[in-house]
Every structure is written in C-alpha cells, then in structure tokens.
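Q: My structure is below; once you've seen it, I'll send some questions.
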Amino acid sequence: SNTVLSLCSSSQQTTTNRLKPTTSLTLQLLSLEIRCVSWKISGHVCDDAKEMWDPLARYVANYAHQSKGITKSDFASTYKAIVRLQSTFTSVQKRSSPSMNDNISVAKIATILGQLAQEAGCFDEALQLYTETLTPLSDGQCLSLATVRCKIASLHLQALKQATKYYSGLAKAIKEATNVLCMPLKGSANDLDELLVEAAKLKKLAMGLFGDIASREKSPKKDDDEISYRIYGYLNGFVRFLRRYVGRKPAEDEGKEIEPFQKRVAAVRNIALAAIDSVIAIGRLSVLSQRPPWEEMQSTLIDSQRLLMTMESAAEASDSITENIGNCFVKLSNLFWSRYIKERESGKGVRELVPLLKQSATLLSDCSPAQK
C-alpha cells in the first residue's frame, strides 16, 4: 500500500513528468484498497474516520481541485473505483458504529463526487449523490448542508438545457436553498467561503433564468410565476446572507476585529455589487408591473442599502470601490424616484409620496457631487 502510494507523491514527480490527476487518484484509491485487504487479513480494528474517510476525502478533494474539464468516462471510472473500495471496506472490523462525524465525512465525499458528476454533465447521478448527503448533514446542522442545497438548485438550473424534467422541481429546490441561507453561520472559514461561492453561483444562474422568463411574458410556461417568485425570494435571502457574512463594522476599541472585517468586505464586494444590481433590476420590474409587489421589494432594498453602507465604511476615500458603491446608491435612489413619479401620476396622496421622496434623497446624502 505504501509503495503504491509513493508512486503518486509530489517528490517523485517533476514538471516534465507529472502524473495526470486521474492517474494519481487511481493509485491513491488502489493504495487504500490494498490497505483494506491488509486490515482484513491481520484482524486490525479500523478507526473509520482517521484511517479511511479522512484520507479518501483528501484524495477526492485534491482530484476535484486539479481536474479541468472532467469527462463522463472519467467520472464513471472514478465512481466505480470508489464504490469498489467501499465494498472492500465493509468487510473490515471497525471500532464502533458510525458516529455523526463519520457520517458527515462520508457525506462530504459524496458532495465532491456529486460536483464531479455535475461538471461531467451526469446530472442524474449528481442529484442522487447530493440527495444522499442531506440526512447526515441535516443531523450535523453544518454549513455544508446549505452548500449542498445551493448545489442542488444550481444543478436544476444547469440541467434545464438538456432535460426539461428538472423544471418541475426547480421552484422547490430554490425555496430549500433560500431556507438554509438563514441557518446560523457556524463552521470553518473554508466551509463559509465555499457556501459564499456556491450561493453566488446560484444567484447568477437564477437571475439568468429570471431574465428569460421576463422576456417570454406573452407565452409563459407552466410554473413560471412560482419560479420567478422563488428566485426573488432567494435574492432577498442572499442579500441578507451577505450582510451576515460581512458583519458589523468593529468599534475603534476592537482593533483586532478591524482587519478580519476588512478582509470579509474585500472578499464579498464584487459579489455584493452584482447582487445589488440584480435587486435593482427586479425593482424596476416591480415599479413597472408590480411583479413582485413594491411592498415586498422594500425590505430587500433596505437590506441592500445597509449592505452598501457597511461596505462603504470599510473603503478608503480614494478606493475605486467607493465610486462603484456610490453608483449603486444612485441607482437605488432613482428606483425610489421612479416609484414616486408613478405613484404621483396615479393620484396618490402626500402620505404615500413623501416617504418615497425622502428615501430617494437620503440615498444620495453621502454620494459625490457628480453623482448627486
């Protein structure tokens, strides 16, 4: 087992003689399989997590990181090798029944395999693998559950071009992804960053579909209205998730917290600005057609304003991001102004008009003279 494993170690490879990621993973899986046979023969009592699941998770994660453009045949051979390894491992003596941590480790391996299947275009297999992880991750209440829910919704969106059957489950998948974004943000920094990336990816895919639905208003498909509503609900939850991710600005006497805060803002600012642009796009539709109703839009617009204010507090005066934040304030202000004009033309009274006018002006208060 050690000899086989040494064949794929980095010290044995040069820049001109580097193993392909598939070859390295095959050797690593073979090494584990040989070790399982050794444990069975010797009667060794195995520590599941330490001796099997943790190494396997590292090998599969490293393969996923290094692989570019995985094919269906690559995924099929990888999946077959892992299933064979798991089958061999079942005959090995274990210390005790699987713990929650063991189940979560296995679930994370299945999540990575689901990602590989998704990248290879094996959407049915990917959905099955993701679904298998939901129960153990739900029991552990970890951030990985939210990540998997976002992956499942993204898979439905990606698979629409190849199989229309995914359209029927799309609204439910987006709703479940929205619900888990409200979970406590407890977990490692890596898990949180992975959730941020997957949630942002889902937002981008969902807004693409939202635009398609809006463009075919004269010939809508079944479930279009519900899917549009769920996409808006997800966007609302995503903006709130970004606010929680960034957190509040530390006070001056909290010196140790300032640098981590600025790093979080730097990590999220492009994602946040893109999300706010999406909010503004849906806000314009709300002004024109009341879809979604303006009353429902206001909480998302206020969350967007507060997110911008938090990001602005971390930006330097000369920072180019300050101008981009100011432009978002201008767009939000124009949105409230447009709503004010529309309400005034429909004959609404002072009680309805003044708050809109006041909010439009307030949003411009910290903008540059040119932006005003």
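By order of appearance in the structure tokens: chains A, B, ..., then residues from 1 within every chain, and ligands from 1 in the order shown.
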Which residues are close to Ala272 in chain A, i.e. within 9 Å by only C-alpha atoms, leaving aside same-chain residues fewer than 5 positions away? Reply as a PyMOL selection string.
A: chain A and resi 200+239+242+277+304+307-308
Q: For range 290-294 of chain A, list every protein, DNA or RNA residue within 10 Å, evaluated using only C-alpha atoms, and leave out those in the same chain fewer than 2 positions away; present the list as a short mmCIF file (atom, residue, chain, number, x, y, z; two decimals) with N, CA and C atoms, in the first residue's frame.
A:
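File produced: selection-v6.cif:
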data_model
loop_
_atom_site.label_atom_id
_atom_site.label_comp_id
_atom_site.auth_asym_id
_atom_site.auth_seq_id
_atom_site.Cartn_x
_atom_site.Cartn_y
_atom_site.Cartn_z
N ASP A 225 -44.55 31.69 -12.98
CA ASP A 225 -44.84 32.67 -11.92
C ASP A 225 -44.24 32.23 -10.59
N SER A 228 -40.40 32.52 -10.71
CA SER A 228 -39.98 33.93 -10.59
C SER A 228 -40.06 34.39 -9.15
N TYR A 229 -41.15 34.00 -8.48
CA TYR A 229 -41.35 34.39 -7.07
C TYR A 229 -40.26 33.77 -6.20
N TYR A 232 -36.92 35.59 -6.73
CA TYR A 232 -36.88 36.85 -5.97
C TYR A 232 -36.67 36.57 -4.48
N GLY A 233 -37.35 35.54 -3.95
CA GLY A 233 -37.18 35.18 -2.54
C GLY A 233 -35.75 34.78 -2.23
N ILE A 282 -34.75 43.83 -10.60
CA ILE A 282 -36.08 43.35 -10.22
C ILE A 282 -36.93 44.51 -9.69
N GLY A 283 -36.29 45.47 -9.02
CA GLY A 283 -37.02 46.64 -8.54
C GLY A 283 -37.64 47.43 -9.66
N ARG A 284 -36.94 47.54 -10.78
CA ARG A 284 -37.50 48.25 -11.94
C ARG A 284 -38.74 47.54 -12.47
N LEU A 285 -38.67 46.21 -12.50
CA LEU A 285 -39.85 45.44 -12.93
C LEU A 285 -41.01 45.66 -11.96
N SER A 286 -40.68 45.74 -10.68
CA SER A 286 -41.73 45.97 -9.67
C SER A 286 -42.40 47.33 -9.88
N VAL A 287 -41.61 48.35 -10.20
CA VAL A 287 -42.17 49.68 -10.44
C VAL A 287 -43.10 49.66 -11.66
N LEU A 288 -42.68 48.93 -12.70
CA LEU A 288 -43.44 48.93 -13.95
C LEU A 288 -44.68 48.03 -13.89
N GLU A 296 -43.32 44.22 -1.10
CA GLU A 296 -42.39 43.13 -0.80
C GLU A 296 -40.95 43.51 -1.15
N MET A 297 -40.78 44.40 -2.12
CA MET A 297 -39.44 44.81 -2.56
C MET A 297 -38.73 45.67 -1.52
N GLN A 298 -39.50 46.40 -0.71
CA GLN A 298 -38.89 47.44 0.13
C GLN A 298 -37.89 46.86 1.14
N SER A 299 -38.21 45.70 1.72
CA SER A 299 -37.27 45.12 2.70
C SER A 299 -35.94 44.75 2.04
N ARG A 339 -40.59 55.20 -8.53
CA ARG A 339 -41.81 54.79 -7.83
C ARG A 339 -42.62 56.02 -7.40
#
Q: Can you tell me which residues surround Val92 in chain A at a distance of at most 7 Å, considering only C-alpha atoms, apart from same-chain residues fewer than 4 positions away, and format the answer as a PDB file with C-alpha atoms, in the first residue's frame?
A:
ATOM      1  CA  CYS A  36      -8.284  -2.687   3.495  1.00  0.00           C
ATOM      2  CA  TRP A  39      -6.602  -4.947   7.720  1.00  0.00           C
ATOM      3  CA  LYS A  40      -8.955  -7.827   6.961  1.00  0.00           C
TER       4      LYS A  40
END
Q: With only C-alpha atoms as the counted atoms, please give the residues lying no more than 12 Å from Ser24 in chain A, apart from itself and same-chain residues fewer than 6 positions off, as a list of chain:residue names.
A: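 Within the cut-off, the hits are A:Val4, A:Leu5, A:Ser6, A:Leu7, A:Cys8, A:Ser9, A:Ser10, A:Gln12, A:Gln13, A:Arg18, A:Leu30, A:Ser31, A:Tyr59, A:Val60, A:Asn62, A:Tyr63, A:Ala64, A:Gln66, A:Ser67, A:Thr78.
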Q: Any chance you could list, as a ChimeraX atom specification, the residues in range 7-221 of chain A that come up alpha helix (DSSP H) when DSSP is run on the backbone?
A: /A:21-42,54-66,72-89,100-119,123-140,143-159,170-180,189-215
Q: Please determine, counting only C-alpha atoms, which residue among A:Trp53, A:Phe329, A:Tyr166, A:Phe89 has the shortest atom-to-atom distance to Ile152 in chain A.
A: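 That would be A:Tyr166, the residue with the smallest distance to Ile152 in chain A.
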Q: Using only C-alpha atoms, which residues sit within 9 Å of Ala171 in chain A once same-chain residues fewer than 4 positions away are excluded, as an NGL selection string?
A: :A and (153 or 167 or 175-176 or 223 or 226-231)
Q: Skip Phe261 in chain A itself and residues of its chain fewer than 6 positions away, then list as number ranges by chain all residues within 9 Å of it, counting only C-alpha atoms.
A: A: 246-250, 314
Q: May I have the selected residues written with C-alpha atoms, as a short mmCIF file (atom, residue, chain, number, x, y, z; two decimals), in the first residue's frame?
A:
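Heads up, here's the output in again-v4.cif:
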data_model
loop_
_atom_site.label_atom_id
_atom_site.label_comp_id
_atom_site.auth_asym_id
_atom_site.auth_seq_id
_atom_site.Cartn_x
_atom_site.Cartn_y
_atom_site.Cartn_z
CA VAL A 246 -19.74 40.75 6.39
CA GLY A 247 -21.00 41.51 9.92
CA ARG A 248 -20.98 44.90 11.60
CA LYS A 249 -18.11 47.35 11.50
CA PRO A 250 -15.97 46.93 14.65
CA ALA A 314 -14.55 49.81 5.15
#
Q: Would you mind telling me which residue in A:Gly43, A:Arg35, A:Asp74, A:Ala206 lies nearest to Pro21 in chain A when using only C-alpha atoms?
A: A:Asp74
